[in-house]
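What's in query-v9.cif: mmCIF, C-alpha atoms and all ligand atoms
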```
data_start
#
loop_
_atom_site.label_atom_id
_atom_site.label_comp_id
_atom_site.auth_asym_id
_atom_site.auth_seq_id
_atom_site.Cartn_x
_atom_site.Cartn_y
_atom_site.Cartn_z
CA MET X 1 -24.85 24.77 -6.02
CA THR X 2 -26.64 22.36 -3.68
CA ALA X 3 -25.39 19.25 -1.95
CA SER X 4 -27.24 17.11 -4.52
CA GLN X 5 -25.47 18.82 -7.44
CA PRO X 6 -21.97 17.43 -7.68
CA LEU X 7 -19.20 19.60 -9.08
CA ARG X 8 -19.28 19.47 -12.84
CA ILE X 9 -15.72 18.38 -13.32
CA ALA X 10 -14.70 15.42 -15.41
CA ILE X 11 -12.19 13.25 -13.58
CA ALA X 12 -10.22 10.37 -15.11
CA ILE X 13 -8.35 7.82 -13.02
CA ALA X 14 -5.62 5.73 -14.66
CA GLY X 15 -5.31 2.35 -12.96
CA ALA X 16 -7.76 0.18 -11.01
CA GLY X 17 -5.33 -1.06 -8.35
CA ILE X 18 -5.87 -0.37 -4.67
CA GLY X 19 -5.27 3.37 -5.09
CA GLY X 20 -7.39 3.86 -8.22
CA LEU X 21 -10.39 1.95 -6.88
CA ALA X 22 -10.16 3.74 -3.52
CA ALA X 23 -9.94 7.08 -5.33
CA GLY X 24 -13.10 6.38 -7.36
CA LEU X 25 -14.97 5.40 -4.21
CA CYS X 26 -13.78 8.40 -2.17
CA LEU X 27 -14.72 10.77 -5.02
CA ALA X 28 -18.17 9.19 -5.26
CA ARG X 29 -18.64 9.56 -1.51
CA ALA X 30 -17.69 13.22 -1.89
CA GLY X 31 -20.31 13.65 -4.65
CA LEU X 32 -17.93 13.48 -7.63
CA ARG X 33 -18.10 11.33 -10.73
CA SER X 34 -15.08 9.60 -12.23
CA THR X 35 -14.03 7.24 -15.00
CA ILE X 36 -11.41 4.62 -14.17
CA PHE X 37 -9.28 3.37 -17.08
CA GLU X 38 -7.50 0.09 -16.38
CA ARG X 39 -5.15 -1.50 -18.90
CA ALA X 40 -5.87 -5.10 -17.79
CA GLU X 41 -8.75 -6.85 -19.56
CA ALA X 42 -9.80 -8.39 -16.23
CA LEU X 43 -8.82 -7.64 -12.65
CA GLU X 44 -7.21 -10.89 -11.72
CA GLU X 45 -5.85 -12.15 -8.43
CA VAL X 46 -2.43 -10.57 -8.29
CA GLY X 47 -0.21 -9.87 -5.33
CA ALA X 48 0.01 -11.53 -1.98
CA GLY X 49 -0.66 -10.58 1.61
CA LEU X 50 -0.90 -7.03 2.91
CA GLN X 51 -1.08 -5.53 6.36
CA LEU X 52 -3.69 -2.79 6.57
CA SER X 53 -3.23 -0.47 9.52
CA PRO X 54 -5.99 1.58 11.19
CA ASN X 55 -5.09 4.79 9.34
CA ALA X 56 -5.97 3.12 5.99
CA LEU X 57 -8.90 1.18 7.40
CA SER X 58 -10.43 4.40 8.72
CA VAL X 59 -10.84 5.48 5.07
CA LEU X 60 -12.37 2.16 4.07
CA ASP X 61 -14.61 2.35 7.13
CA ARG X 62 -15.92 5.72 5.91
CA LEU X 63 -16.72 3.99 2.62
CA GLY X 64 -18.75 1.36 4.48
CA LEU X 65 -16.36 -1.48 3.62
CA LEU X 66 -14.98 -2.45 7.02
CA ALA X 67 -17.48 -5.24 7.73
CA ALA X 68 -16.68 -6.93 4.40
CA LEU X 69 -12.93 -6.61 5.05
CA ARG X 70 -13.20 -8.05 8.55
CA LYS X 71 -14.72 -11.21 7.02
CA VAL X 72 -11.67 -11.92 4.86
CA GLY X 73 -8.94 -10.27 6.94
CA VAL X 74 -7.51 -11.33 10.27
CA ALA X 75 -7.29 -8.77 13.08
CA ALA X 76 -3.92 -8.40 14.80
CA ASP X 77 -3.23 -6.56 18.03
CA ARG X 78 0.56 -6.73 17.84
CA VAL X 79 3.54 -7.36 15.62
CA GLU X 80 6.15 -9.64 17.18
CA LEU X 81 9.79 -8.96 16.37
CA LEU X 82 11.89 -12.13 16.67
CA ALA X 83 15.61 -12.89 16.69
CA HIS X 84 16.47 -14.58 13.40
CA ARG X 85 18.38 -17.60 14.72
CA SER X 86 16.66 -18.45 18.01
CA GLY X 87 13.19 -17.11 17.24
CA ARG X 88 13.34 -15.48 20.67
CA ARG X 89 10.94 -12.57 21.02
CA ILE X 90 12.79 -9.25 20.93
CA ALA X 91 9.71 -7.06 21.33
CA GLU X 92 5.98 -6.87 20.78
CA VAL X 93 4.75 -3.75 19.03
CA PRO X 94 1.06 -3.12 19.78
CA VAL X 95 -0.93 -2.08 16.71
CA HIS X 96 -4.44 -1.84 18.15
CA SER X 97 -6.19 1.54 18.13
CA ALA X 98 -8.13 3.26 20.88
CA ASP X 99 -11.18 3.90 18.67
CA GLY X 100 -11.56 0.22 17.73
CA THR X 101 -10.42 0.53 14.10
CA PRO X 102 -8.65 -2.79 13.51
CA TYR X 103 -5.24 -3.67 12.08
CA LEU X 104 -5.88 -6.43 9.53
CA SER X 105 -3.75 -8.85 7.59
CA ILE X 106 -5.47 -9.61 4.30
CA HIS X 107 -4.79 -10.97 0.82
CA ARG X 108 -4.44 -8.18 -1.76
CA ALA X 109 -6.85 -10.00 -4.10
CA GLU X 110 -9.53 -10.00 -1.40
CA LEU X 111 -9.02 -6.32 -0.68
CA GLN X 112 -9.24 -5.58 -4.39
CA ALA X 113 -12.40 -7.73 -4.68
CA VAL X 114 -14.13 -5.78 -1.90
CA LEU X 115 -13.16 -2.46 -3.52
CA LEU X 116 -14.19 -3.69 -6.97
CA ALA X 117 -17.63 -4.85 -5.81
CA ALA X 118 -18.19 -1.42 -4.28
CA VAL X 119 -17.03 0.31 -7.48
CA ARG X 120 -19.36 -1.80 -9.62
CA ALA X 121 -22.27 -0.91 -7.32
CA GLU X 122 -21.52 2.82 -7.53
CA PRO X 123 -23.33 4.68 -10.34
CA ALA X 124 -20.95 7.66 -10.08
CA ILE X 125 -18.02 5.51 -11.27
CA THR X 126 -17.48 4.19 -14.79
CA LEU X 127 -14.89 1.40 -14.88
CA THR X 128 -13.34 0.71 -18.28
CA LEU X 129 -11.15 -2.38 -18.50
CA GLY X 130 -8.71 -3.03 -21.35
CA SER X 131 -7.93 0.71 -21.63
CA GLU X 132 -4.23 1.40 -21.40
CA LEU X 133 -3.38 5.06 -21.10
CA ARG X 134 -0.69 5.73 -23.75
CA GLN X 135 -0.56 9.48 -24.31
CA MET X 136 -1.62 12.63 -22.54
CA ALA X 137 -1.49 16.34 -23.31
CA THR X 138 -2.65 19.38 -21.42
CA ALA X 139 -4.61 21.57 -23.84
CA ASP X 140 -7.38 24.16 -23.62
CA ALA X 141 -7.36 23.95 -19.85
CA LYS X 142 -8.13 20.25 -20.09
CA VAL X 143 -6.06 17.11 -20.03
CA GLU X 144 -6.42 15.02 -23.16
CA LEU X 145 -5.93 11.26 -22.90
CA SER X 146 -5.35 8.62 -25.59
CA PHE X 147 -5.56 4.90 -25.04
CA GLY X 148 -4.22 1.72 -26.63
CA GLY X 149 -6.24 0.31 -29.50
CA GLY X 150 -6.88 3.83 -30.83
CA GLY X 151 -9.15 4.91 -27.95
CA GLY X 152 -9.49 8.66 -27.39
CA PRO X 153 -8.53 11.35 -27.28
CA GLU X 154 -10.86 12.07 -24.37
CA ARG X 155 -10.83 15.30 -22.40
CA PHE X 156 -10.97 15.69 -18.65
CA ASP X 157 -10.52 18.47 -16.12
CA LEU X 158 -8.27 16.29 -13.98
CA LEU X 159 -6.29 13.07 -14.36
CA ILE X 160 -5.50 11.00 -11.28
CA ALA X 161 -2.54 8.76 -12.06
CA ALA X 162 -2.92 5.61 -9.96
CA ASP X 163 -0.97 3.52 -12.45
CA GLY X 164 1.54 2.00 -10.07
CA VAL X 165 5.28 1.94 -9.57
CA ARG X 166 6.08 1.91 -13.32
CA SER X 167 3.68 4.79 -13.91
CA THR X 168 3.14 5.70 -17.57
CA VAL X 169 1.91 9.12 -16.46
CA ALA X 170 5.13 9.77 -14.51
CA ARG X 171 7.14 8.77 -17.58
CA LEU X 172 5.06 10.92 -19.96
CA SER X 173 5.52 13.81 -17.52
CA GLY X 174 9.29 13.47 -17.72
CA LEU X 175 9.69 12.40 -14.09
CA ALA X 176 12.64 10.22 -13.08
CA PRO X 177 11.48 6.60 -12.79
CA ALA X 178 11.31 4.65 -9.55
CA ALA X 179 14.70 3.03 -8.93
CA PRO X 180 15.63 -0.43 -7.58
CA THR X 181 16.35 -0.40 -3.84
CA GLY X 182 18.79 -3.32 -4.12
CA ALA X 183 16.50 -5.75 -2.32
CA THR X 184 13.88 -8.24 -3.46
CA ALA X 185 10.77 -9.48 -1.64
CA TRP X 186 9.99 -13.16 -2.21
CA ARG X 187 6.31 -13.78 -1.56
CA THR X 188 4.35 -16.99 -1.20
CA THR X 189 1.13 -18.19 0.42
CA ILE X 190 0.92 -21.44 2.32
CA ASP X 191 -2.48 -23.06 2.55
CA GLY X 192 -4.01 -24.31 5.78
CA ASP X 193 -2.79 -27.91 5.55
CA ALA X 194 0.80 -27.02 4.80
CA ALA X 195 0.71 -24.19 7.33
CA SER X 196 -0.52 -26.54 10.04
CA ALA X 197 2.55 -28.72 9.41
CA PHE X 198 4.29 -25.75 10.94
CA GLY X 199 3.28 -27.20 14.32
CA ALA X 200 1.17 -26.03 17.21
CA THR X 201 3.96 -24.11 18.91
CA GLY X 202 4.95 -22.38 15.72
CA GLN X 203 1.44 -21.57 14.48
CA VAL X 204 1.41 -18.10 12.96
CA ALA X 205 -1.42 -16.63 14.97
CA GLY X 206 -0.40 -13.02 14.57
CA ILE X 207 2.09 -10.97 12.62
CA ARG X 208 5.69 -12.08 13.08
CA ALA X 209 8.89 -10.60 11.74
CA TRP X 210 12.26 -12.33 12.06
CA LEU X 211 15.11 -9.81 11.93
CA GLY X 212 18.52 -10.85 10.60
CA PRO X 213 21.61 -9.28 9.06
CA ALA X 214 20.74 -7.70 5.68
CA ARG X 215 17.47 -9.68 5.45
CA HIS X 216 14.24 -10.31 7.28
CA ALA X 217 11.13 -12.48 7.03
CA VAL X 218 7.50 -11.71 7.80
CA ALA X 219 4.59 -14.15 8.23
CA TYR X 220 0.95 -13.50 8.96
CA PRO X 221 -2.46 -15.09 8.35
CA VAL X 222 -4.63 -14.24 5.34
CA ARG X 223 -7.85 -15.59 3.80
CA ALA X 224 -9.76 -15.44 7.08
CA GLY X 225 -6.93 -17.33 8.78
CA SER X 226 -6.95 -20.33 6.42
CA ALA X 227 -3.56 -19.52 4.88
CA VAL X 228 -0.26 -17.96 5.86
CA ASN X 229 1.45 -15.24 3.83
CA LEU X 230 5.23 -15.42 3.90
CA VAL X 231 7.57 -12.67 2.72
CA LEU X 232 11.33 -13.14 2.61
CA ILE X 233 13.29 -9.95 2.05
CA ALA X 234 16.81 -10.49 0.77
CA PRO X 235 19.49 -8.35 -0.85
CA GLY X 236 19.87 -8.46 -4.61
CA GLY X 237 17.68 -8.05 -7.65
CA ALA X 238 15.16 -10.43 -9.17
CA PRO X 239 16.31 -13.48 -11.15
CA ALA X 240 16.93 -12.70 -14.81
CA SER X 241 13.91 -14.77 -15.85
CA GLY X 242 11.54 -12.65 -13.76
CA ARG X 243 10.19 -15.81 -12.19
CA GLN X 244 12.45 -18.22 -10.35
CA ASP X 245 12.61 -21.95 -10.63
CA ASP X 246 15.73 -22.16 -8.56
CA THR X 247 15.13 -20.66 -5.13
CA GLN X 248 17.90 -22.67 -3.50
CA GLY X 249 20.11 -19.63 -3.00
CA LEU X 250 17.25 -17.77 -1.38
CA VAL X 251 16.22 -20.66 0.87
CA SER X 252 19.77 -21.36 1.96
CA GLY X 253 20.05 -17.74 3.12
CA PHE X 254 17.31 -18.51 5.68
CA SER X 255 18.22 -22.17 6.38
CA ARG X 256 19.96 -21.57 9.71
CA TRP X 257 17.20 -19.34 10.99
CA ASP X 258 14.56 -20.15 13.63
CA PRO X 259 13.40 -23.75 12.95
CA HIS X 260 9.78 -22.54 12.96
CA LEU X 261 10.55 -20.18 10.10
CA ALA X 262 12.62 -22.84 8.30
CA ALA X 263 9.64 -25.25 8.56
CA LEU X 264 7.38 -22.61 7.05
CA VAL X 265 9.85 -21.93 4.23
CA ASN X 266 10.08 -25.66 3.48
CA ALA X 267 6.29 -26.07 3.45
CA ALA X 268 5.84 -23.09 1.13
CA PRO X 269 5.22 -23.22 -2.62
CA ALA X 270 8.02 -21.60 -4.65
CA PRO X 271 7.95 -17.88 -3.91
CA THR X 272 7.55 -15.17 -6.51
CA ALA X 273 10.15 -12.43 -6.70
CA TRP X 274 9.08 -8.77 -6.30
CA PRO X 275 12.09 -6.53 -6.84
CA LEU X 276 11.62 -3.51 -4.59
CA PHE X 277 11.58 -0.05 -6.16
CA ALA X 278 11.34 3.42 -4.66
CA ALA X 279 10.30 6.65 -6.35
CA PRO X 280 12.77 9.55 -5.97
CA ALA X 281 11.76 11.57 -2.90
CA GLY X 282 11.95 14.96 -4.62
CA ARG X 283 9.49 14.14 -7.39
CA PRO X 284 6.29 16.24 -7.53
CA PHE X 285 2.89 14.65 -6.91
CA VAL X 286 1.18 17.19 -9.18
CA VAL X 287 2.22 17.95 -12.79
CA GLY X 288 0.63 18.96 -16.13
CA HIS X 289 -0.31 22.54 -15.12
CA ASP X 290 -1.85 21.14 -11.92
CA ARG X 291 -4.28 18.97 -13.88
CA VAL X 292 -2.44 15.69 -13.33
CA VAL X 293 -2.24 14.26 -9.82
CA LEU X 294 -0.09 11.24 -9.00
CA LEU X 295 -1.37 8.94 -6.26
CA GLY X 296 -0.16 5.75 -4.54
CA ASP X 297 2.89 3.97 -5.94
CA ALA X 298 2.81 6.19 -9.05
CA ALA X 299 3.61 9.12 -6.76
CA HIS X 300 5.72 7.67 -3.98
CA ALA X 301 6.48 3.95 -4.33
CA MET X 302 8.48 2.86 -1.30
CA ALA X 303 9.98 -0.37 0.02
CA PRO X 304 7.47 -2.28 2.17
CA TYR X 305 9.49 -2.13 5.43
CA ALA X 306 6.77 -0.13 7.19
CA ALA X 307 3.90 -2.00 5.44
CA GLN X 308 2.41 1.31 4.30
CA GLY X 309 2.39 1.46 0.46
CA ALA X 310 -1.26 0.50 -0.02
CA ALA X 311 -2.19 2.41 3.12
CA MET X 312 -0.66 5.61 1.70
CA ALA X 313 -2.50 5.09 -1.61
CA ILE X 314 -5.78 4.79 0.31
CA GLU X 315 -5.00 7.86 2.44
CA ASP X 316 -4.08 9.79 -0.75
CA ALA X 317 -7.49 8.93 -2.21
CA ALA X 318 -9.36 10.30 0.80
CA VAL X 319 -7.33 13.51 1.05
CA LEU X 320 -7.64 14.24 -2.68
CA ALA X 321 -11.40 13.60 -2.70
CA ALA X 322 -11.90 15.83 0.34
CA ALA X 323 -9.87 18.62 -1.32
CA LEU X 324 -11.84 18.30 -4.58
CA ALA X 325 -15.16 18.38 -2.73
CA ASP X 326 -14.14 21.65 -1.14
CA THR X 327 -13.59 23.84 -4.21
CA ASP X 328 -14.80 24.40 -7.76
CA ASP X 329 -11.18 24.63 -8.93
CA PRO X 330 -9.60 21.18 -9.42
CA ARG X 331 -6.13 22.71 -9.79
CA ARG X 332 -6.41 24.37 -6.39
CA ALA X 333 -7.49 21.05 -4.94
CA ALA X 334 -4.50 19.35 -6.58
CA ARG X 335 -2.09 21.81 -4.98
CA ARG X 336 -3.74 21.38 -1.61
CA TYR X 337 -3.43 17.60 -1.95
CA GLU X 338 0.30 17.85 -2.57
CA ALA X 339 0.76 20.26 0.34
CA GLU X 340 -1.10 17.93 2.71
CA ARG X 341 0.41 14.67 1.56
CA ARG X 342 4.07 15.52 1.14
CA PRO X 343 5.03 15.94 4.83
CA ARG X 344 3.26 12.73 5.75
CA ILE X 345 4.75 10.72 2.89
CA ASP X 346 8.21 12.05 3.77
CA LYS X 347 7.71 10.94 7.37
CA VAL X 348 6.64 7.46 6.28
CA ARG X 349 9.67 7.28 3.98
CA GLY X 350 11.78 8.14 7.01
CA ARG X 351 10.20 5.28 8.92
CA VAL X 352 10.90 2.90 6.02
CA ALA X 353 14.58 3.90 6.08
CA PHE X 354 14.67 3.50 9.87
CA HIS X 355 13.18 -0.01 9.68
CA ARG X 356 15.58 -1.00 6.91
CA LEU X 357 18.52 0.06 9.06
CA VAL X 358 17.29 -1.36 12.37
CA TYR X 359 15.81 -4.61 11.05
CA HIS X 360 18.95 -5.57 9.13
CA LEU X 361 21.65 -4.74 11.69
CA PRO X 362 24.47 -7.29 11.97
CA ALA X 363 25.93 -8.38 15.33
CA PRO X 364 27.02 -6.80 17.62
CA PHE X 365 24.73 -3.85 16.71
CA SER X 366 21.73 -6.19 16.61
CA LEU X 367 22.40 -7.13 20.24
CA ALA X 368 22.27 -3.48 21.25
CA ARG X 369 19.05 -3.06 19.23
CA ASN X 370 17.50 -6.07 20.95
CA ALA X 371 18.43 -4.75 24.37
CA VAL X 372 17.00 -1.29 23.66
CA LEU X 373 13.76 -2.73 22.28
CA ALA X 374 13.39 -5.16 25.16
CA LEU X 375 13.67 -2.30 27.67
CA ARG X 376 11.11 -0.10 25.92
CA PRO X 377 7.60 -0.51 27.38
CA ARG X 378 4.93 -1.77 24.96
CA ASP X 379 2.92 1.42 25.38
CA ALA X 380 5.95 3.47 24.39
CA LEU X 381 6.44 1.35 21.25
CA ARG X 382 2.79 1.98 20.36
CA ALA X 383 3.11 5.70 21.12
CA ASP X 384 6.07 5.88 18.71
CA LEU X 385 3.65 4.91 15.93
CA SER X 386 0.71 7.03 16.99
CA TRP X 387 1.42 9.63 14.27
CA LEU X 388 1.09 6.84 11.70
CA TYR X 389 -1.72 4.59 12.89
CA ASP X 390 -3.91 7.22 14.59
CA TRP X 391 -4.28 9.38 11.45
CA ARG X 392 -7.97 9.43 10.55
CA ALA X 393 -9.70 10.00 7.24
CA PRO X 394 -11.17 13.43 6.47
CA ALA X 395 -14.94 13.78 6.11
CA LEU X 396 -16.06 12.75 2.63
CA ASP X 397 -19.51 14.28 2.47
CA PRO X 398 -20.71 16.01 -0.69
CA ARG X 399 -20.00 19.72 -0.67
CA ARG X 400 -22.54 21.86 1.13
CA PRO X 401 -24.11 24.90 -0.57
CA ASP X 402 -21.98 28.06 -0.26
C1 LIG X 501 6.52 -7.43 -0.81
C2 LIG X 501 5.55 -6.31 -0.65
C3 LIG X 501 4.80 -6.24 0.51
C4 LIG X 501 3.91 -5.20 0.70
N1 LIG X 501 3.22 -5.12 1.87
C5 LIG X 501 2.39 -4.09 2.11
C6 LIG X 501 1.66 -4.03 3.32
O1 LIG X 501 1.77 -4.89 4.18
N2 LIG X 501 0.83 -2.96 3.52
C7 LIG X 501 0.69 -1.97 2.59
O2 LIG X 501 -0.06 -1.01 2.82
N3 LIG X 501 1.36 -2.02 1.41
C8 LIG X 501 2.20 -3.05 1.15
N4 LIG X 501 2.87 -3.13 -0.04
C9 LIG X 501 2.73 -2.04 -1.03
C10 LIG X 501 1.46 -2.15 -1.86
O3 LIG X 501 1.33 -3.41 -2.45
C11 LIG X 501 1.46 -1.06 -2.94
O4 LIG X 501 1.90 0.16 -2.38
C12 LIG X 501 0.06 -0.83 -3.50
O5 LIG X 501 -0.45 -2.02 -4.06
C13 LIG X 501 0.08 0.28 -4.55
O6 LIG X 501 -1.19 0.47 -5.08
P1 LIG X 501 -1.42 1.35 -6.38
O7 LIG X 501 -2.88 1.37 -6.60
O8 LIG X 501 -0.69 2.63 -6.25
O9 LIG X 501 -0.68 0.56 -7.54
P2 LIG X 501 -1.02 -0.88 -8.14
O10 LIG X 501 -1.69 -1.72 -7.12
O11 LIG X 501 0.25 -1.36 -8.73
O12 LIG X 501 -2.07 -0.60 -9.29
C14 LIG X 501 -1.73 0.03 -10.50
C15 LIG X 501 -2.80 -0.31 -11.53
O13 LIG X 501 -2.62 0.52 -12.68
C16 LIG X 501 -2.76 -0.28 -13.83
N5 LIG X 501 -2.01 0.40 -14.91
C17 LIG X 501 -0.66 0.50 -15.03
N6 LIG X 501 -0.36 1.24 -16.11
C18 LIG X 501 -1.52 1.62 -16.68
C19 LIG X 501 -1.85 2.42 -17.81
N7 LIG X 501 -0.91 2.97 -18.59
N8 LIG X 501 -3.17 2.62 -18.13
C20 LIG X 501 -4.14 2.07 -17.35
N9 LIG X 501 -3.88 1.29 -16.26
C21 LIG X 501 -2.59 1.11 -15.92
C22 LIG X 501 -2.20 -1.63 -13.42
O14 LIG X 501 -2.64 -2.66 -14.29
C23 LIG X 501 -2.74 -1.76 -12.01
O15 LIG X 501 -4.03 -2.32 -11.99
C24 LIG X 501 3.75 -4.19 -0.29
C25 LIG X 501 4.47 -4.29 -1.48
C26 LIG X 501 5.36 -5.34 -1.67
C27 LIG X 501 6.13 -5.41 -2.94
#
```
Write the structure described by the file as structure tokens, please.
Amino acid sequence: MTASQPLRIAIAIAGAGIGGLAAGLCLARAGLRSTIFERAEALEEVGAGLQLSPNALSVLDRLGLLAALRKVGVAADRVELLAHRSGRRIAEVPVHSADGTPYLSIHRAELQAVLLAAVRAEPAITLTLGSELRQMATADAKVELSFGGGGGPERFDLLIAADGVRSTVARLSGLAPAAPTGATAWRTTIDGDAASAFGATGQVAGIRAWLGPARHAVAYPVRAGSAVNLVLIAPGGAPASGRQDDTQGLVSGFSRWDPHLAALVNAAPAPTAWPLFAAPAGRPFVVGHDRVVLLGDAAHAMAPYAAQGAAMAIEDAAVLAAALADTDDPRRAARRYEAERRPRIDKVRGRVAFHRLVYHLPAPFSLARNAVLALRPRDALRADLSWLYDWRAPALDPRRPD
């Protein structure tokens, strides 16, 4: 085998979200072909803002996408934690990295557009829209896939399930589904004019999080700074209708908060509810006789309290591609992927649980939290997150001759 001869394994990816597109691109960079099957007929603008930390951006940098992302994202060097009522700053958590990899806030649709343009320009990736994976079977040392509309069966050496929190592949594999966390994220985007009504002193120039009992709010710029993304996290499930015309209950829960936040909430278009789900921690990432690999939310959906769901999907893509580039045996690569990813995902889950507890403390515990955070030097707060943000992507070069 030479570096110009990619491994002759047929790889299918289910889902063209952030994880599936990143997986196709990482595989291509590692010299491997793939076919992405996406159930949607068109990849439309779905989602809202995302924070992308340096660990994830190091992968996208390796793919040559950082310059395009910098154009649509907004670089942050800190996250400000604010008291919910007064808006007083509790702490500033630095998020910059020593090697210059940025921390960006970005709209999910713009991230997806950058990934999609790269996928369309990549001859090693075939993207098939309108193909919903419905059935799978492991037979003859292959995985056999069938699609809606009578498509298939098609045979592959490996299936990468990047089909999101309600993963069909997880269900077909008999895995327990992701479960509601008991909280809902209400997301909305405020355009420049409405955001400027927020006032000069309250301008959201960076990433801000207001911490209150049982709920918190996060605001940060997106669309190259021309809009503000607002997320309100509150206890409870989504409204029965799925969408919400009556957000009065939600808004009143934040009405006595920092006037700057209240102004932003009032200027915002009606938010959309995203009930938060988490995949059971003990679930495997690799099933189907090691020929089916779960990635991103399909594997380990988690509440967004550490802003790491998309980041973990992107990291997964790089680690899996690097493992596949390193062996002729896709099943061995799948096992290596699970071994490498599980400790890190567990640690991120731990951080999510820690943030949920600490962010939502009621008084008087919140006062103790504020005092502890205020005393902790900024460098120490950054050092606490070094294990997360300073992770760097593995090399993704095509395999060298043995
Ligand atoms: C309120 C909120 C805030 C968040 N903030 C952040 C943040 O700041 N930073 C961060 O990193 N993450 C954040 N996340 C998490 C992040 O959005 C997700 O973790 C990430 O989008 C998951 O990507 P994915 O590719 O695994 O799944 P998805 O993006 O859900 O993509 C799944 C794809 O699979 C397709 N599909 C589904 N079923 C099938 C099928 N049977 N056949 C074919 N295709 C199929 C879907 O149509 C979709 O295109 C946040 C999430 C929420 C809810």
CA of Leu82 in chain X to CA of Pro259 in chain X, straight-line distance in Å: 12.3 Å
Where's the centre, and what are the edge lengths in Å to one decimal, of a box along x, y and z enclosing all listed atoms of ligand LIG 501 (chain X) padded 5 Å per side, as lines of an AutoDock Vina configuration file?
```
center_x = 1.2
center_y = -2.2
center_z = -7.2
size_x = 20.7
size_y = 20.4
size_z = 32.8
```
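Within 9 Å of Glu41 in chain X, once all atoms listed in the file are used and residues closer than 2 positions along the same chain are dropped, the contacting residues are Glu38, Arg39, Leu43, Glu44, Thr128, Leu129, Gly130 and Ser131 of chain X.
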Near-ligand residues for ligand LIG 501 (chain X), threshold 6 Å, all atoms listed in the file, as JSON, numbers by chain: {"X": [14, 15, 16, 17, 18, 19, 20, 37, 38, 39, 40, 50, 51, 52, 131, 132, 133, 134, 162, 163, 164, 167, 168, 185, 274, 296, 297, 298, 304, 307, 308, 309, 310, 311, 313]}
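CA of Gly212 in chain X to CA of Tyr103 in chain X spans 24.9 Å [interatomic distance, one decimal].
As for CA of Ala306 in chain X and CA of Leu324 in chain X, they are spaced 28.7 Å apart.
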Which residue, X:Ala333, X:Ala28, X:Leu115, X:Ala48, has the smallest gap to Ile314 in chain X when you use only C-alpha atoms? X:Leu115
Using all atoms listed in the file, can you tell me which of X:Ile190, X:Leu211, X:Pro275, X:Val293 comes closest to Arg369 in chain X? X:Leu211
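When all atoms listed in the file are used to measure the gap to Ala30 in chain X, the shortest distance among X:Ile90, X:Gly253, X:Ala117, X:Ala322 belongs to X:Ala322.
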Residues at most 9 Å from Val287 in chain X, counting only C-alpha atoms, excluding those fewer than 6 positions away in the same chain, as a PDB file with C-alpha atoms, in the coordinates of the input?
```pdb
ATOM      1  CA  ALA X 170       5.130   9.770 -14.510  1.00  0.00           C
ATOM      2  CA  SER X 173       5.520  13.810 -17.520  1.00  0.00           C
ATOM      3  CA  VAL X 293      -2.240  14.260  -9.820  1.00  0.00           C
ATOM      4  CA  LEU X 294      -0.090  11.240  -9.000  1.00  0.00           C
TER       5      LEU X 294
END
```
As an MDAnalysis selection string, please: the residues near range 60-75 of chain X (cut-off 9 Å, only C-alpha atoms, same-chain neighbours under 3 positions excluded). chainID X and resid 22 25:26 29 56:57 101:107 110:111 114:115 118 206 220:225 314 393 395:396
Write to file, as an mmCIF file, in the coordinates of the input, the residues of the selection just made, with C-alpha atoms.
```cif
data_model
loop_
_atom_site.group_PDB
_atom_site.id
_atom_site.type_symbol
_atom_site.label_atom_id
_atom_site.label_comp_id
_atom_site.auth_asym_id
_atom_site.auth_seq_id
_atom_site.Cartn_x
_atom_site.Cartn_y
_atom_site.Cartn_z
ATOM 1 C CA ALA X 22 -10.160 3.740 -3.520
ATOM 2 C CA LEU X 25 -14.970 5.400 -4.210
ATOM 3 C CA CYS X 26 -13.780 8.400 -2.170
ATOM 4 C CA ARG X 29 -18.640 9.560 -1.510
ATOM 5 C CA ALA X 56 -5.970 3.120 5.990
ATOM 6 C CA LEU X 57 -8.900 1.180 7.400
ATOM 7 C CA THR X 101 -10.420 0.530 14.100
ATOM 8 C CA PRO X 102 -8.650 -2.790 13.510
ATOM 9 C CA TYR X 103 -5.240 -3.670 12.080
ATOM 10 C CA LEU X 104 -5.880 -6.430 9.530
ATOM 11 C CA SER X 105 -3.750 -8.850 7.590
ATOM 12 C CA ILE X 106 -5.470 -9.610 4.300
ATOM 13 C CA HIS X 107 -4.790 -10.970 0.820
ATOM 14 C CA GLU X 110 -9.530 -10.000 -1.400
ATOM 15 C CA LEU X 111 -9.020 -6.320 -0.680
ATOM 16 C CA VAL X 114 -14.130 -5.780 -1.900
ATOM 17 C CA LEU X 115 -13.160 -2.460 -3.520
ATOM 18 C CA ALA X 118 -18.190 -1.420 -4.280
ATOM 19 C CA GLY X 206 -0.400 -13.020 14.570
ATOM 20 C CA TYR X 220 0.950 -13.500 8.960
ATOM 21 C CA PRO X 221 -2.460 -15.090 8.350
ATOM 22 C CA VAL X 222 -4.630 -14.240 5.340
ATOM 23 C CA ARG X 223 -7.850 -15.590 3.800
ATOM 24 C CA ALA X 224 -9.760 -15.440 7.080
ATOM 25 C CA GLY X 225 -6.930 -17.330 8.780
ATOM 26 C CA ILE X 314 -5.780 4.790 0.310
ATOM 27 C CA ALA X 393 -9.700 10.000 7.240
ATOM 28 C CA ALA X 395 -14.940 13.780 6.110
ATOM 29 C CA LEU X 396 -16.060 12.750 2.630
#
```
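If only C-alpha atoms are the atoms counted, then among X:Arg392, X:Arg382, X:His289, X:Arg8 the closest residue to Asp316 in chain X is X:Arg392.
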Near-range 348-357 of chain X list (12 Å; only C-alpha atoms; drop same-chain fewer than 5 positions) as a ChimeraX atom specification: /X:81,181-183,209,211-216,233-235,278-282,300-309,311-312,341-343,362,365-366,369,384-385,387-389
